[in-house]
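Enquirer: Got a structure for you, written out below as structure tokens; questions coming shortly.
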Amino acid sequence: SSDRFIKDRKFWKEETEKLKSPKVGIIPYDKRELKTTAITRKYKLDKKIVKKIQHYCGENKISENAFFIAVFNLYVGKVSKFDEFTISLVSSNRKNFEEKNAFGPFYDGLYFYAKIQDKPLKDYLIDTNNDLFRGYKHYKFPVSKVTKLLKKKGLKGLVASKIYFSYQVMRNKDDNYKKKCKINWAPMKGTYVYDMLINVHDIENTGDLYMVINYLSSRYKKETIDKIGIGMAKIIDQVLINDKINIGSIEI
């Protein structure tokens, strides 16, 4: 009954009404077994590339979160041949650096509906940044209710997303903050919720970025997962070299 809830409900109703044919974003399956066993793969993005990305985002007023979400969506669009699809975003709801150092699953979820149109790369990145900002402002309307709106619009399946994407960094430039942490990623052995969970992070405050992919091994081969990291790196290179090329010209 709150004003915030009513406004957010209105926002998502209007957003879903704009959609033509809602689809669940996927990386095409290699096989279709029903087992829930999961495997984790880890990749590293060198800090030299990370600094170039930071500079690019600063110049164009794009968040790093939006940058990587846009790059991932472009990859999904290329391999799935979808021009519209839904992924789930996992966003931290911790307010400051101290809270981010606390343990526990403090996070919120948000759907992002990607619309891949043949426009210059830079324009797509900026549009993604703006769409994300609008979505985050209205995350109080539960994702379960957004799913119902998508189903009314024609979405097929039990859920509106099988891919979860998370971007989390804990960079801190304050010399007075001397705490250090070392992260040992504990692979999750199974998944009932998603086909793929992608976590891009710099939690140790080193400047390097890591991408950890936890995926359903009964549906994907290791080689398919490796191609995600390679494909995203290729898209990043193309953005940094010439962001004026059209999305249709991107190579993965």
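Chain labels run A, B, ... following the order of the structure tokens; each chain numbers its residues from 1, and ligands are numbered from 1 in the order shown.
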So that I can check the surroundings of Lys151 (chain A), please list as a VMD selection string every protein, DNA and RNA residue that reaches within 9 Å of it, counting only C-alpha atoms and ignoring chain neighbours fewer than 5 positions away.

Expert: chain A and resid 22 146 156 to 157 159 to 160

Enquirer: Quick one: distance from CA of Tyr167 (chain A) to CA of Asn65 (chain A) in Å, one decimal?

Expert: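 Interatomic distance here is 5.9 Å.
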
Enquirer: Report as CSV the residues of region 45-160 of chain A within 8 Å of region 225-248 of chain A, each with its shortest atom pair and distance in Å (one decimal), using only C-alpha atoms, ordered by chain and increasing residue number.

Expert:
```
residue,atom,partner,partner_atom,distance
A:Lys52,CA,A:Leu240,CA,7.6
A:Ile53,CA,A:Leu240,CA,7.6
A:Tyr56,CA,A:Leu240,CA,7.4
A:Val71,CA,A:Met232,CA,6.3
A:Phe72,CA,A:Met232,CA,6.4
A:Leu74,CA,A:Ile247,CA,7.9
A:Tyr75,CA,A:Met232,CA,6.4
A:Gln117,CA,A:Ile247,CA,7.3
A:Asp118,CA,A:Ile247,CA,5.1
A:Lys119,CA,A:Asn246,CA,5.0
A:Pro120,CA,A:Asn246,CA,4.1
A:Leu121,CA,A:Asp243,CA,5.0
A:Lys122,CA,A:Asp243,CA,5.1
```

Enquirer: Can I get the selected residues back with N, CA, C and O atoms, as a compact mmCIF listing (two decimals), in the first residue's frame?

Expert:
```txt
# COMPACT_ATOMS: atom_id res chain seq x y z
N LYS A 52 41.93 0.57 -18.27
CA LYS A 52 41.41 1.14 -19.52
C LYS A 52 39.89 1.21 -19.48
O LYS A 52 39.29 2.20 -19.93
N ILE A 53 39.27 0.17 -18.92
CA ILE A 53 37.81 0.15 -18.79
C ILE A 53 37.35 1.25 -17.85
O ILE A 53 36.38 1.97 -18.12
N TYR A 56 37.59 4.53 -19.64
CA TYR A 56 36.52 4.64 -20.63
C TYR A 56 35.19 4.96 -19.95
O TYR A 56 34.45 5.84 -20.40
N VAL A 71 28.30 -5.74 -22.07
CA VAL A 71 29.18 -6.65 -22.80
C VAL A 71 28.65 -8.08 -22.75
O VAL A 71 28.61 -8.79 -23.76
N PHE A 72 28.21 -8.50 -21.55
CA PHE A 72 27.68 -9.85 -21.43
C PHE A 72 26.41 -10.02 -22.26
O PHE A 72 26.23 -11.03 -22.95
N LEU A 74 25.58 -8.44 -24.94
CA LEU A 74 25.95 -8.49 -26.36
C LEU A 74 26.42 -9.89 -26.73
O LEU A 74 26.10 -10.40 -27.82
N TYR A 75 27.17 -10.51 -25.82
CA TYR A 75 27.63 -11.88 -26.09
C TYR A 75 26.45 -12.84 -26.17
O TYR A 75 26.34 -13.65 -27.10
N GLN A 117 19.78 -3.87 -30.44
CA GLN A 117 19.48 -3.24 -31.73
C GLN A 117 20.78 -2.84 -32.40
O GLN A 117 21.78 -2.59 -31.73
N ASP A 118 20.77 -2.78 -33.72
CA ASP A 118 22.00 -2.47 -34.44
C ASP A 118 22.28 -0.98 -34.37
O ASP A 118 21.87 -0.20 -35.23
N LYS A 119 23.00 -0.62 -33.34
CA LYS A 119 23.39 0.77 -33.11
C LYS A 119 24.86 0.80 -32.73
O LYS A 119 25.46 -0.25 -32.45
N PRO A 120 25.50 1.97 -32.72
CA PRO A 120 26.90 2.05 -32.31
C PRO A 120 27.12 1.50 -30.90
O PRO A 120 26.26 1.65 -30.03
N LEU A 121 28.25 0.85 -30.69
CA LEU A 121 28.57 0.26 -29.39
C LEU A 121 28.43 1.26 -28.26
O LEU A 121 27.85 0.96 -27.21
N LYS A 122 28.95 2.45 -28.46
CA LYS A 122 28.90 3.47 -27.41
C LYS A 122 27.47 3.79 -27.03
O LYS A 122 27.15 3.90 -25.84
```

Enquirer: Near Phe141 (chain A), within 8 Å and counting only C-alpha atoms, which residues show up once chain neighbours fewer than 6 positions away are dropped, as a VMD selection string?

Expert: chain A and resid 5 8 to 9 12

Enquirer: Would you mind exporting N, CA, C and O atoms of the selected residues as a PDB file, in the first residue's frame?

Expert:
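Writing the result to out-v1.pdb gives the following:
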```pdb
ATOM      1  N   PHE A   5       5.750   1.373  -3.468  1.00  0.00           N
ATOM      2  CA  PHE A   5       5.330   0.117  -4.104  1.00  0.00           C
ATOM      3  C   PHE A   5       4.432   0.404  -5.302  1.00  0.00           C
ATOM      4  O   PHE A   5       4.585  -0.187  -6.377  1.00  0.00           O
ATOM      5  N   ASP A   8       6.453   1.775  -8.195  1.00  0.00           N
ATOM      6  CA  ASP A   8       7.283   0.741  -8.807  1.00  0.00           C
ATOM      7  C   ASP A   8       6.441  -0.248  -9.607  1.00  0.00           C
ATOM      8  O   ASP A   8       6.855  -0.710 -10.675  1.00  0.00           O
ATOM      9  N   ARG A   9       5.256  -0.572  -9.113  1.00  0.00           N
ATOM     10  CA  ARG A   9       4.356  -1.458  -9.850  1.00  0.00           C
ATOM     11  C   ARG A   9       3.951  -0.820 -11.177  1.00  0.00           C
ATOM     12  O   ARG A   9       3.946  -1.473 -12.226  1.00  0.00           O
ATOM     13  N   TRP A  12       6.940  -1.056 -13.717  1.00  0.00           N
ATOM     14  CA  TRP A  12       7.171  -2.357 -14.337  1.00  0.00           C
ATOM     15  C   TRP A  12       6.029  -2.765 -15.256  1.00  0.00           C
ATOM     16  O   TRP A  12       6.233  -3.461 -16.257  1.00  0.00           O
TER      17      TRP A  12
END
```

Enquirer: Might you pull out every residue within 12 Å of Lys137 (chain A), with only C-alpha atoms counted and same-chain residues fewer than 2 positions away left off, and present them as a ChimeraX atom specification?

Expert: /A:4-5,7-9,11-12,110,130-135,139-141
